[in-house]
Amino acid sequence: MTSALDNTRESWDDYFMKLTRFVASRSTCLRRQVGALLVREHRLLATGYNGAPSGLPHCLDVGCLRQQRRIPSGERSELCRAVHAEQNALLQCARFGLSTEGATLYCTHFPCSHCVKSLLSAKVCRILYEEDYRDELAREFLAQAVITVETWKSSKGAFPD
């Protein structure tokens with residue numbers, strides 16, 4: 001049975017995607033603020049944003065290693081102080097003993113190939129992202145995998161800033 005309220009409520013995808021923007025606001029990266037959520041059965045398992053590993057100085061405090069070395073976006077991602085948002089969400093699940101099998105990743109950006117490999121190994125079954133990120137290897141891995149990948153489009157029109 002549906003009610004009039006159901007027509008005004010956010011869809012689950014809109015709800016979780018909007019949360020990714022809030023999570024991204026914690027990012028300490030100077031180049032790109034990324035937020036990620038892992039969700040299973042409409043329940044939030046973990047959040048993640050890109051930033052330095054626990055106990056290490058953040059780029060906000062010491063500057064961006066990639067900028068200092070003039071590394072273009074999309075290249076040499078291993079030369080970065082930050083742990084990616086997707087990885088941080090996976091690591092939080094591991095830390096607290098939460099299974100990610102069958103989970104959906106909601107993310108502000110299309111994941112890189114390193115994160116895609118981790119997500120596939122963790123048995124995440126769906127990725128929903130808002131902004132594109134150029135990583136052809138990630139796209140190749142996802143094309144070979146049994147996983148749903150979608151670009152998020154709000155059911156209520158444009159995402160409000």
# chains A, B, ... in the order shown; residues from 1 in each chain; ligands from 1

$ residues_around --residues "segment 88-95 of chain A" --least-positions-apart "3" --cutoff "10 Å" --atoms "only C-alpha atoms" --output "MDAnalysis selection string"
chainID A and resid 35:38 45:51 53 82:85 98:100 105 115 118:119 122 124

$ write_last_selection --atoms "C-alpha atoms" --output "PDB file, in the first residue's frame"
ATOM      1  CA  GLY A  35      32.625  10.529  -0.976  1.00  0.00           C
ATOM      2  CA  ALA A  36      31.523   6.888  -0.971  1.00  0.00           C
ATOM      3  CA  LEU A  37      28.971   4.750   0.834  1.00  0.00           C
ATOM      4  CA  LEU A  38      28.543   0.998   0.985  1.00  0.00           C
ATOM      5  CA  LEU A  45      27.339  -0.211   6.142  1.00  0.00           C
ATOM      6  CA  ALA A  46      30.156   2.341   5.933  1.00  0.00           C
ATOM      7  CA  THR A  47      31.210   5.701   4.568  1.00  0.00           C
ATOM      8  CA  GLY A  48      34.525   6.811   3.149  1.00  0.00           C
ATOM      9  CA  TYR A  49      36.151   9.944   1.833  1.00  0.00           C
ATOM     10  CA  ASN A  50      39.571  10.498   0.313  1.00  0.00           C
ATOM     11  CA  GLY A  51      42.252  11.495   2.772  1.00  0.00           C
ATOM     12  CA  PRO A  53      45.757   7.207   6.296  1.00  0.00           C
ATOM     13  CA  ALA A  82      45.281   9.819   0.109  1.00  0.00           C
ATOM     14  CA  VAL A  83      43.430   6.576   0.567  1.00  0.00           C
ATOM     15  CA  HIS A  84      40.517   6.681  -1.866  1.00  0.00           C
ATOM     16  CA  ALA A  85      36.961   7.076  -0.592  1.00  0.00           C
ATOM     17  CA  LEU A  98      30.861  -6.250   7.996  1.00  0.00           C
ATOM     18  CA  SER A  99      30.392  -8.275   4.820  1.00  0.00           C
ATOM     19  CA  THR A 100      30.228  -6.272   1.611  1.00  0.00           C
ATOM     20  CA  LEU A 105      28.675   1.402  -3.738  1.00  0.00           C
ATOM     21  CA  CYS A 115      39.262   0.736  -6.371  1.00  0.00           C
ATOM     22  CA  SER A 118      39.018  -3.980  -4.568  1.00  0.00           C
ATOM     23  CA  LEU A 119      35.263  -3.603  -5.051  1.00  0.00           C
ATOM     24  CA  ALA A 122      34.806  -7.572  -2.023  1.00  0.00           C
ATOM     25  CA  VAL A 124      30.126  -5.448  -4.379  1.00  0.00           C
TER      26      VAL A 124
END

$ residues_around --residues "Arg81 of chain A" --least-positions-apart "4" --cutoff "10 Å" --atoms "only C-alpha atoms" --output "ChimeraX atom specification"
/A:29,50-53,56-59,63-66,77

$ write_last_selection --atoms "all heavy atoms" --output "tab-separated table (two decimals), in the first residue's frame"
chain	number	residue	atom	x	y	z
A	29	CYS	N	41.60	16.08	0.49
A	29	CYS	CA	42.31	16.17	-0.78
A	29	CYS	C	42.15	17.58	-1.36
A	29	CYS	O	41.05	18.14	-1.34
A	29	CYS	CB	41.75	15.14	-1.76
A	29	CYS	SG	42.55	15.16	-3.39
A	50	ASN	N	38.15	10.59	0.61
A	50	ASN	CA	39.57	10.50	0.31
A	50	ASN	C	40.37	11.40	1.25
A	50	ASN	O	40.04	12.56	1.46
A	50	ASN	CB	39.87	10.79	-1.16
A	50	ASN	CG	39.28	12.08	-1.67
A	50	ASN	OD1	38.30	12.60	-1.16
A	50	ASN	ND2	39.87	12.62	-2.71
A	51	GLY	N	41.39	10.79	1.84
A	51	GLY	CA	42.25	11.50	2.77
A	51	GLY	C	43.41	10.61	3.20
A	51	GLY	O	43.43	9.41	2.91
A	52	ALA	N	44.35	11.19	3.89
A	52	ALA	CA	45.55	10.46	4.33
A	52	ALA	C	45.18	9.34	5.29
A	52	ALA	O	44.16	9.41	5.99
A	52	ALA	CB	46.51	11.43	5.01
A	53	PRO	N	45.99	8.29	5.33
A	53	PRO	CA	45.76	7.21	6.30
A	53	PRO	C	45.76	7.75	7.73
A	53	PRO	O	46.42	8.76	8.01
A	53	PRO	CB	46.94	6.26	6.07
A	53	PRO	CG	47.41	6.55	4.69
A	53	PRO	CD	47.16	8.01	4.48
A	56	LEU	N	48.57	10.00	9.72
A	56	LEU	CA	49.51	10.71	8.83
A	56	LEU	C	48.97	12.11	8.52
A	56	LEU	O	47.76	12.33	8.55
A	56	LEU	CB	49.70	9.94	7.53
A	56	LEU	CG	50.36	8.56	7.63
A	56	LEU	CD1	50.59	7.98	6.25
A	56	LEU	CD2	51.68	8.65	8.39
A	57	PRO	N	49.86	13.04	8.20
A	57	PRO	CA	49.39	14.40	7.89
A	57	PRO	C	48.57	14.42	6.60
A	57	PRO	O	48.82	13.66	5.66
A	57	PRO	CB	50.68	15.20	7.74
A	57	PRO	CG	51.78	14.21	7.57
A	57	PRO	CD	51.31	12.92	8.15
A	58	HIS	N	47.60	15.29	6.59
A	58	HIS	CA	46.72	15.44	5.43
A	58	HIS	C	47.28	16.43	4.43
A	58	HIS	O	48.07	17.32	4.78
A	58	HIS	CB	45.34	15.93	5.89
A	58	HIS	CG	44.61	14.94	6.72
A	58	HIS	ND1	43.98	13.84	6.19
A	58	HIS	CD2	44.41	14.88	8.06
A	58	HIS	CE1	43.43	13.14	7.16
A	58	HIS	NE2	43.67	13.74	8.31
A	59	CYS	N	46.85	16.30	3.19
A	59	CYS	CA	47.27	17.24	2.13
A	59	CYS	C	46.90	18.67	2.50
A	59	CYS	O	47.63	19.60	2.15
A	59	CYS	CB	46.64	16.85	0.80
A	59	CYS	SG	47.21	15.26	0.19
A	63	GLY	N	50.33	19.96	1.88
A	63	GLY	CA	50.33	20.14	0.44
A	63	GLY	C	50.11	18.84	-0.31
A	63	GLY	O	50.23	17.75	0.25
A	64	CYS	N	49.81	18.97	-1.56
A	64	CYS	CA	49.50	17.83	-2.42
A	64	CYS	C	50.77	17.30	-3.08
A	64	CYS	O	51.45	18.01	-3.84
A	64	CYS	CB	48.49	18.24	-3.49
A	64	CYS	SG	48.12	16.96	-4.70
A	65	LEU	N	51.08	16.04	-2.81
A	65	LEU	CA	52.24	15.38	-3.39
A	65	LEU	C	52.15	15.37	-4.91
A	65	LEU	O	53.13	15.60	-5.61
A	65	LEU	CB	52.32	13.95	-2.84
A	65	LEU	CG	53.46	13.07	-3.27
A	65	LEU	CD1	54.79	13.65	-2.78
A	65	LEU	CD2	53.27	11.67	-2.71
A	66	ARG	N	50.95	15.13	-5.44
A	66	ARG	CA	50.75	15.07	-6.89
A	66	ARG	C	50.97	16.44	-7.54
A	66	ARG	O	51.57	16.54	-8.61
A	66	ARG	CB	49.38	14.50	-7.22
A	66	ARG	CG	49.24	13.04	-6.75
A	66	ARG	CD	47.84	12.49	-6.98
A	66	ARG	NE	47.43	12.51	-8.36
A	66	ARG	CZ	47.85	11.67	-9.30
A	66	ARG	NH1	48.70	10.71	-8.98
A	66	ARG	NH2	47.42	11.75	-10.54
A	77	SER	N	48.44	7.09	-10.08
A	77	SER	CA	47.60	7.25	-8.88
A	77	SER	C	48.25	6.70	-7.61
A	77	SER	O	47.85	7.06	-6.51
A	77	SER	CB	46.24	6.59	-9.10
A	77	SER	OG	46.39	5.22	-9.34

$ atom_distance --atom1 "atom CA of Thr20 of chain A" --atom2 "atom CA of Glu150 of chain A"
15.1 Å

$ closest_residue --among "A:Asp61, A:Glu78, A:Glu130, A:Glu140" --to "Leu19 of chain A" --atoms "only C-alpha atoms"
A:Glu130
